[in-house]
$ cat my_file_12.pdb   # PDB, C-alpha atoms and all ligand atoms
ATOM      1  CA  MET A   1      70.851  75.394 122.218  1.00  0.00           C
ATOM      2  CA  CYS A   2      71.994  72.737 124.603  1.00  0.00           C
ATOM      3  CA  GLY A   3      71.262  71.464 128.071  1.00  0.00           C
ATOM      4  CA  ILE A   4      72.466  70.776 131.571  1.00  0.00           C
ATOM      5  CA  VAL A   5      71.031  68.329 134.091  1.00  0.00           C
ATOM      6  CA  GLY A   6      72.229  67.632 137.605  1.00  0.00           C
ATOM      7  CA  TYR A   7      71.338  65.009 140.191  1.00  0.00           C
ATOM      8  CA  THR A   8      72.252  64.309 143.775  1.00  0.00           C
ATOM      9  CA  GLY A   9      70.317  61.875 145.956  1.00  0.00           C
ATOM     10  CA  SER A  10      70.182  58.233 146.913  1.00  0.00           C
ATOM     11  CA  GLN A  11      69.812  56.631 143.480  1.00  0.00           C
ATOM     12  CA  GLU A  12      72.394  55.844 140.802  1.00  0.00           C
ATOM     13  CA  ALA A  13      73.065  59.149 139.062  1.00  0.00           C
ATOM     14  CA  ALA A  14      74.105  57.997 135.559  1.00  0.00           C
ATOM     15  CA  PRO A  15      70.696  56.641 134.401  1.00  0.00           C
ATOM     16  CA  ILE A  16      68.935  59.725 135.803  1.00  0.00           C
ATOM     17  CA  LEU A  17      71.371  62.041 134.039  1.00  0.00           C
ATOM     18  CA  LEU A  18      70.884  60.179 130.766  1.00  0.00           C
ATOM     19  CA  GLU A  19      67.119  60.348 131.165  1.00  0.00           C
ATOM     20  CA  GLY A  20      67.351  64.075 131.832  1.00  0.00           C
ATOM     21  CA  LEU A  21      69.593  64.654 128.808  1.00  0.00           C
ATOM     22  CA  LYS A  22      67.164  62.646 126.682  1.00  0.00           C
ATOM     23  CA  LYS A  23      64.389  65.058 127.689  1.00  0.00           C
ATOM     24  CA  LEU A  24      66.589  67.964 126.548  1.00  0.00           C
ATOM     25  CA  GLU A  25      67.446  66.433 123.155  1.00  0.00           C
ATOM     26  CA  TYR A  26      64.757  68.493 121.394  1.00  0.00           C
ATOM     27  CA  ARG A  27      66.873  71.604 122.041  1.00  0.00           C
ATOM     28  CA  GLY A  28      69.550  70.294 119.681  1.00  0.00           C
ATOM     29  CA  TYR A  29      73.158  69.315 120.425  1.00  0.00           C
ATOM     30  CA  ASP A  30      76.266  67.930 118.805  1.00  0.00           C
ATOM     31  CA  SER A  31      77.955  66.116 121.681  1.00  0.00           C
ATOM     32  CA  ALA A  32      77.269  65.022 125.229  1.00  0.00           C
ATOM     33  CA  GLY A  33      78.886  64.004 128.468  1.00  0.00           C
ATOM     34  CA  ILE A  34      78.371  63.223 132.123  1.00  0.00           C
ATOM     35  CA  ALA A  35      80.484  63.418 135.260  1.00  0.00           C
ATOM     36  CA  VAL A  36      79.675  61.305 138.318  1.00  0.00           C
ATOM     37  CA  PHE A  37      81.229  61.390 141.750  1.00  0.00           C
ATOM     38  CA  ASP A  38      82.352  57.764 141.879  1.00  0.00           C
ATOM     39  CA  ASN A  39      84.292  56.355 144.844  1.00  0.00           C
ATOM     40  CA  ASN A  40      85.903  59.657 145.834  1.00  0.00           C
ATOM     41  CA  LYS A  41      86.808  60.377 142.229  1.00  0.00           C
ATOM     42  CA  ILE A  42      84.961  62.198 139.513  1.00  0.00           C
ATOM     43  CA  LYS A  43      84.508  59.986 136.494  1.00  0.00           C
ATOM     44  CA  VAL A  44      83.892  61.759 133.196  1.00  0.00           C
ATOM     45  CA  VAL A  45      82.450  60.054 130.116  1.00  0.00           C
ATOM     46  CA  LYS A  46      81.863  62.050 126.959  1.00  0.00           C
ATOM     47  CA  CYS A  47      81.296  61.657 123.245  1.00  0.00           C
ATOM     48  CA  GLN A  48      80.814  63.388 119.966  1.00  0.00           C
ATOM     49  CA  GLY A  49      77.315  63.000 118.500  1.00  0.00           C
ATOM     50  CA  LYS A  50      74.186  61.522 119.964  1.00  0.00           C
ATOM     51  CA  LEU A  51      73.376  60.153 123.400  1.00  0.00           C
ATOM     52  CA  GLU A  52      73.493  56.617 121.977  1.00  0.00           C
ATOM     53  CA  ASN A  53      77.224  57.206 121.559  1.00  0.00           C
ATOM     54  CA  LEU A  54      77.478  58.162 125.224  1.00  0.00           C
ATOM     55  CA  VAL A  55      75.738  54.936 126.193  1.00  0.00           C
ATOM     56  CA  GLY A  56      78.246  53.099 123.969  1.00  0.00           C
ATOM     57  CA  ARG A  57      81.156  54.875 125.662  1.00  0.00           C
ATOM     58  CA  MET A  58      79.835  53.854 129.062  1.00  0.00           C
ATOM     59  CA  ALA A  59      79.636  50.270 127.901  1.00  0.00           C
ATOM     60  CA  ASP A  60      83.284  50.469 126.758  1.00  0.00           C
ATOM     61  CA  GLU A  61      84.783  52.573 129.559  1.00  0.00           C
ATOM     62  CA  GLY A  62      82.559  51.375 132.399  1.00  0.00           C
ATOM     63  CA  LYS A  63      79.441  53.069 133.676  1.00  0.00           C
ATOM     64  CA  PRO A  64      80.230  55.643 136.364  1.00  0.00           C
ATOM     65  CA  GLU A  65      78.696  54.548 139.656  1.00  0.00           C
ATOM     66  CA  GLY A  66      77.702  57.119 142.211  1.00  0.00           C
ATOM     67  CA  THR A  67      74.730  59.131 143.383  1.00  0.00           C
ATOM     68  CA  CYS A  68      75.811  62.647 142.457  1.00  0.00           C
ATOM     69  CA  GLY A  69      76.545  63.943 138.982  1.00  0.00           C
ATOM     70  CA  ILE A  70      76.015  66.348 136.163  1.00  0.00           C
ATOM     71  CA  GLY A  71      75.219  65.913 132.467  1.00  0.00           C
ATOM     72  CA  HIS A  72      75.596  68.181 129.454  1.00  0.00           C
ATOM     73  CA  THR A  73      74.548  68.368 125.837  1.00  0.00           C
ATOM     74  CA  ARG A  74      76.711  70.736 123.792  1.00  0.00           C
ATOM     75  CA  TRP A  75      75.950  73.013 120.906  1.00  0.00           C
ATOM     76  CA  ALA A  76      79.443  73.995 119.827  1.00  0.00           C
ATOM     77  CA  THR A  77      80.256  77.694 119.627  1.00  0.00           C
ATOM     78  CA  HIS A  78      84.013  77.611 120.298  1.00  0.00           C
ATOM     79  CA  GLY A  79      85.936  74.647 118.948  1.00  0.00           C
ATOM     80  CA  GLY A  80      84.908  71.859 116.622  1.00  0.00           C
ATOM     81  CA  VAL A  81      82.542  69.010 117.310  1.00  0.00           C
ATOM     82  CA  LEU A  82      85.140  66.728 118.852  1.00  0.00           C
ATOM     83  CA  LYS A  83      85.201  64.482 121.886  1.00  0.00           C
ATOM     84  CA  LYS A  84      87.903  66.634 123.489  1.00  0.00           C
ATOM     85  CA  ASN A  85      85.621  69.674 123.220  1.00  0.00           C
ATOM     86  CA  ALA A  86      82.583  67.918 124.732  1.00  0.00           C
ATOM     87  CA  HIS A  87      81.753  68.859 128.324  1.00  0.00           C
ATOM     88  CA  PRO A  88      82.344  68.195 131.228  1.00  0.00           C
ATOM     89  CA  HIS A  89      85.809  69.768 131.233  1.00  0.00           C
ATOM     90  CA  ARG A  90      88.183  68.792 133.986  1.00  0.00           C
ATOM     91  CA  CYS A  91      90.994  71.013 135.161  1.00  0.00           C
ATOM     92  CA  GLY A  92      92.773  70.004 138.342  1.00  0.00           C
ATOM     93  CA  LYS A  93      90.132  69.689 141.033  1.00  0.00           C
ATOM     94  CA  VAL A  94      87.393  71.299 138.976  1.00  0.00           C
ATOM     95  CA  THR A  95      84.974  69.487 136.667  1.00  0.00           C
ATOM     96  CA  PHE A  96      82.738  71.896 134.839  1.00  0.00           C
ATOM     97  CA  VAL A  97      79.886  72.228 132.330  1.00  0.00           C
ATOM     98  CA  HIS A  98      78.517  75.419 130.842  1.00  0.00           C
ATOM     99  CA  ASN A  99      75.961  76.637 128.351  1.00  0.00           C
ATOM    100  CA  GLY A 100      76.587  79.797 126.405  1.00  0.00           C
ATOM    101  CA  ILE A 101      79.619  81.867 125.515  1.00  0.00           C
ATOM    102  CA  VAL A 102      82.487  83.243 127.593  1.00  0.00           C
ATOM    103  CA  GLU A 103      83.158  86.446 125.691  1.00  0.00           C
ATOM    104  CA  ASN A 104      86.424  87.345 127.452  1.00  0.00           C
ATOM    105  CA  TYR A 105      87.985  83.891 127.357  1.00  0.00           C
ATOM    106  CA  ARG A 106      91.052  85.026 125.390  1.00  0.00           C
ATOM    107  CA  GLN A 107      91.728  87.788 127.887  1.00  0.00           C
ATOM    108  CA  LEU A 108      91.365  85.320 130.784  1.00  0.00           C
ATOM    109  CA  ILE A 109      93.870  82.945 129.167  1.00  0.00           C
ATOM    110  CA  GLU A 110      96.339  85.789 128.861  1.00  0.00           C
ATOM    111  CA  ASP A 111      95.754  87.390 132.271  1.00  0.00           C
ATOM    112  CA  TYR A 112      95.981  84.103 134.186  1.00  0.00           C
ATOM    113  CA  GLU A 113      98.502  82.380 131.891  1.00  0.00           C
ATOM    114  CA  LEU A 114      96.189  79.398 131.449  1.00  0.00           C
ATOM    115  CA  GLN A 115      97.179  78.270 127.933  1.00  0.00           C
ATOM    116  CA  GLU A 116      99.368  75.341 128.998  1.00  0.00           C
ATOM    117  CA  GLN A 117      96.585  73.792 131.063  1.00  0.00           C
ATOM    118  CA  LEU A 118      94.050  73.738 128.253  1.00  0.00           C
ATOM    119  CA  VAL A 119      93.427  70.607 126.211  1.00  0.00           C
ATOM    120  CA  SER A 120      90.267  71.615 124.363  1.00  0.00           C
ATOM    121  CA  GLU A 121      89.440  74.462 121.992  1.00  0.00           C
ATOM    122  CA  THR A 122      86.501  75.702 124.054  1.00  0.00           C
ATOM    123  CA  ASP A 123      85.840  78.927 125.902  1.00  0.00           C
ATOM    124  CA  THR A 124      84.306  76.820 128.678  1.00  0.00           C
ATOM    125  CA  GLU A 125      87.499  75.049 129.663  1.00  0.00           C
ATOM    126  CA  VAL A 126      89.046  78.434 130.437  1.00  0.00           C
ATOM    127  CA  VAL A 127      86.487  78.880 133.214  1.00  0.00           C
ATOM    128  CA  ALA A 128      87.319  75.425 134.590  1.00  0.00           C
ATOM    129  CA  ALA A 129      91.006  76.425 134.644  1.00  0.00           C
ATOM    130  CA  LEU A 130      90.196  79.772 136.241  1.00  0.00           C
ATOM    131  CA  LEU A 131      88.087  78.141 138.976  1.00  0.00           C
ATOM    132  CA  ASN A 132      90.863  75.637 139.556  1.00  0.00           C
ATOM    133  CA  HIS A 133      93.287  78.556 139.912  1.00  0.00           C
ATOM    134  CA  TYR A 134      91.198  79.943 142.779  1.00  0.00           C
ATOM    135  CA  TYR A 135      89.977  76.673 144.305  1.00  0.00           C
ATOM    136  CA  GLU A 136      91.363  75.905 147.743  1.00  0.00           C
ATOM    137  CA  GLY A 137      88.644  73.559 149.027  1.00  0.00           C
ATOM    138  CA  ASP A 138      85.717  75.989 148.995  1.00  0.00           C
ATOM    139  CA  ALA A 139      83.832  76.018 145.682  1.00  0.00           C
ATOM    140  CA  LYS A 140      81.660  78.995 146.589  1.00  0.00           C
ATOM    141  CA  LYS A 141      84.707  81.078 147.453  1.00  0.00           C
ATOM    142  CA  ALA A 142      86.443  80.136 144.196  1.00  0.00           C
ATOM    143  CA  ILE A 143      83.352  81.148 142.213  1.00  0.00           C
ATOM    144  CA  GLN A 144      83.076  84.457 144.077  1.00  0.00           C
ATOM    145  CA  GLN A 145      86.723  85.218 143.379  1.00  0.00           C
TER     146      GLN A 145
HETATM  147  N1  LIG A 201      80.672  77.720 124.314  1.00  0.00           N
HETATM  148  C1  LIG A 201      80.681  76.383 124.813  1.00  0.00           C
HETATM  149  C2  LIG A 201      81.301  75.407 123.842  1.00  0.00           C
HETATM  150  O1  LIG A 201      81.464  75.719 122.678  1.00  0.00           O
HETATM  151  C3  LIG A 201      79.307  75.912 125.282  1.00  0.00           C
HETATM  152  C4  LIG A 201      78.336  75.727 124.135  1.00  0.00           C
HETATM  153  C5  LIG A 201      76.973  75.285 124.665  1.00  0.00           C
HETATM  154  O2  LIG A 201      76.215  76.171 125.104  1.00  0.00           O
HETATM  155  O3  LIG A 201      76.696  74.076 124.638  1.00  0.00           O
HETATM  156  O4  LIG A 201      81.633  74.321 124.246  1.00  0.00           O
END

$ encode --input "my_file_12.pdb" --output "structure tokens" --more "lines below"
Ligand code: GLU
Amino acid sequence: MCGIVGYTGSQEAAPILLEGLKKLEYRGYDSAGIAVFDNNKIKVVKCQGKLENLVGRMADEGKPEGTCGIGHTRWATHGGVLKKNAHPHRCGKVTFVHNGIVENYRQLIEDYELQEQLVSETDTEVVAALLNHYYEGDAKKAIQQ
């Protein structure tokens, strides 16, 4: 099991995302990450292991500041427990988290020739690359496609 939490509002997102992920810890996880819309950029911080490690990463890399973001705890199904496999996954203009399994990920890689864009071993990143393939400024449209 694993978890996803999202926040958008008027408060700093990072502490709220961490708090939300903390509440989901009981579900079990092996890595964690957050993405925050920070000064017109999306800042991603992720780690292998427990949320304490994520807090440590934020201390090292700088806490993302912004009022909109998403957080994820991962239970690895595809790819080892490594920082590069932790979510969120970024591909071009798409930053993405996902719980579960993408059963046809190999077929998608082949059909859309996505292999060169992938840096992780996960099925999830394939969806980020696929959405990026279709994204032309309208997220809903890309998802529908
Ligand atoms: N299949 C994805 C992965 O291995 C998501 C696992 C999950 O549900 O956390 O990264």

$ resolve_selection --input "my_file_12.pdb" --expression "the PyMOL selection byres (((chain A and resi 85) around 10) and not hetatm)" --output "list in words"
Ser31, Ala32, Lys46, Cys47, Gln48, Arg74, Ala76, His78, Gly79, Gly80, Val81, Leu82, Lys83, Lys84, Ala86, His87, Pro88, His89, Val119, Ser120, Glu121, Thr122, Asp123, Thr124 and Glu125 of chain A

$ resolve_selection --input "my_file_12.pdb" --expression "the PyMOL selection byres (((chain A and resi 129-137) around 8) and not hetatm)" --output "mmCIF file with C-alpha atoms, in the coordinates of the input"
data_model
loop_
_atom_site.group_PDB
_atom_site.id
_atom_site.type_symbol
_atom_site.label_atom_id
_atom_site.label_comp_id
_atom_site.auth_asym_id
_atom_site.auth_seq_id
_atom_site.Cartn_x
_atom_site.Cartn_y
_atom_site.Cartn_z
ATOM 1 C CA CYS A 91 90.994 71.013 135.161
ATOM 2 C CA GLY A 92 92.773 70.004 138.342
ATOM 3 C CA LYS A 93 90.132 69.689 141.033
ATOM 4 C CA VAL A 94 87.393 71.299 138.976
ATOM 5 C CA LEU A 108 91.365 85.320 130.784
ATOM 6 C CA TYR A 112 95.981 84.103 134.186
ATOM 7 C CA LEU A 114 96.189 79.398 131.449
ATOM 8 C CA GLN A 117 96.585 73.792 131.063
ATOM 9 C CA LEU A 118 94.050 73.738 128.253
ATOM 10 C CA GLU A 125 87.499 75.049 129.663
ATOM 11 C CA VAL A 126 89.046 78.434 130.437
ATOM 12 C CA VAL A 127 86.487 78.880 133.214
ATOM 13 C CA ALA A 128 87.319 75.425 134.590
ATOM 14 C CA ASP A 138 85.717 75.989 148.995
ATOM 15 C CA ALA A 139 83.832 76.018 145.682
ATOM 16 C CA LYS A 141 84.707 81.078 147.453
ATOM 17 C CA ALA A 142 86.443 80.136 144.196
ATOM 18 C CA ILE A 143 83.352 81.148 142.213
ATOM 19 C CA GLN A 145 86.723 85.218 143.379
#

$ atom_distance --input "my_file_12.pdb" --atom1 "CA of Thr77 (chain A)" --atom2 "CA of His98 (chain A)"
11.6 Å

$ axis_aligned_box --input "my_file_12.pdb" --around "ligand LIG 201 (chain A)" --padding-each-side "8 Å" --output "lines of an AutoDock Vina configuration file"
center_x = 78.9
center_y = 75.9
center_z = 124.0
size_x = 21.4
size_y = 19.6
size_z = 18.6

$ resolve_selection --input "my_file_12.pdb" --expression "the PyMOL selection byres (((chain A and resi 38) around 9) and not hetatm)" --output "ChimeraX atom specification"
/A:35-37,39-43,64-69

$ closest_residue --input "my_file_12.pdb" --among "A:Gly9, A:Gly49, A:Gly3, A:Gly56" --to "ligand LIG 201 (chain A)" --atoms "only C-alpha atoms and all ligand atoms"
A:Gly3

$ atom_distance --input "my_file_12.pdb" --atom1 "CA of Glu103 (chain A)" --atom2 "atom O4 of ligand LIG 201 (chain A)"
12.3 Å

$ decode --input "my_file_12.pdb" --residues "region 12-25 of chain A" --atoms "N, CA and C atoms" --output "JSON list (two decimals), in the first residue's frame"
[["chain", "number", "residue", "atom", "x", "y", "z"],
["A", 12, "GLU", "N", 1.44, 27.49, 3.08],
["A", 12, "GLU", "CA", 2.61, 26.77, 2.56],
["A", 12, "GLU", "C", 2.25, 25.29, 2.38],
["A", 13, "ALA", "N", 2.50, 24.77, 1.20],
["A", 13, "ALA", "CA", 2.06, 23.40, 0.91],
["A", 13, "ALA", "C", 2.94, 22.33, 1.58],
["A", 14, "ALA", "N", 4.26, 22.53, 1.59],
["A", 14, "ALA", "CA", 5.17, 21.46, 2.02],
["A", 14, "ALA", "C", 4.83, 20.90, 3.42],
["A", 15, "PRO", "N", 4.62, 21.75, 4.45],
["A", 15, "PRO", "CA", 4.31, 21.17, 5.76],
["A", 15, "PRO", "C", 2.98, 20.42, 5.76],
["A", 16, "ILE", "N", 2.03, 20.89, 4.98],
["A", 16, "ILE", "CA", 0.71, 20.22, 4.92],
["A", 16, "ILE", "C", 0.85, 18.87, 4.22],
["A", 17, "LEU", "N", 1.66, 18.84, 3.18],
["A", 17, "LEU", "CA", 1.88, 17.57, 2.47],
["A", 17, "LEU", "C", 2.57, 16.57, 3.39],
["A", 18, "LEU", "N", 3.57, 17.03, 4.12],
["A", 18, "LEU", "CA", 4.28, 16.15, 5.05],
["A", 18, "LEU", "C", 3.35, 15.60, 6.12],
["A", 19, "GLU", "N", 2.52, 16.49, 6.64],
["A", 19, "GLU", "CA", 1.54, 16.10, 7.66],
["A", 19, "GLU", "C", 0.58, 15.04, 7.10],
["A", 20, "GLY", "N", 0.15, 15.27, 5.89],
["A", 20, "GLY", "CA", -0.76, 14.31, 5.23],
["A", 20, "GLY", "C", -0.07, 12.97, 5.02],
["A", 21, "LEU", "N", 1.17, 13.00, 4.56],
["A", 21, "LEU", "CA", 1.91, 11.75, 4.33],
["A", 21, "LEU", "C", 2.12, 11.00, 5.65],
["A", 22, "LYS", "N", 2.36, 11.78, 6.71],
["A", 22, "LYS", "CA", 2.55, 11.18, 8.03],
["A", 22, "LYS", "C", 1.30, 10.38, 8.42],
["A", 23, "LYS", "N", 0.13, 10.96, 8.12],
["A", 23, "LYS", "CA", -1.13, 10.27, 8.47],
["A", 23, "LYS", "C", -1.31, 8.99, 7.65],
["A", 24, "LEU", "N", -0.63, 8.90, 6.51],
["A", 24, "LEU", "CA", -0.77, 7.72, 5.65],
["A", 24, "LEU", "C", 0.33, 6.68, 5.90],
["A", 25, "GLU", "N", 1.24, 6.99, 6.83],
["A", 25, "GLU", "CA", 2.38, 6.09, 7.07],
["A", 25, "GLU", "C", 1.95, 4.68, 7.44]]
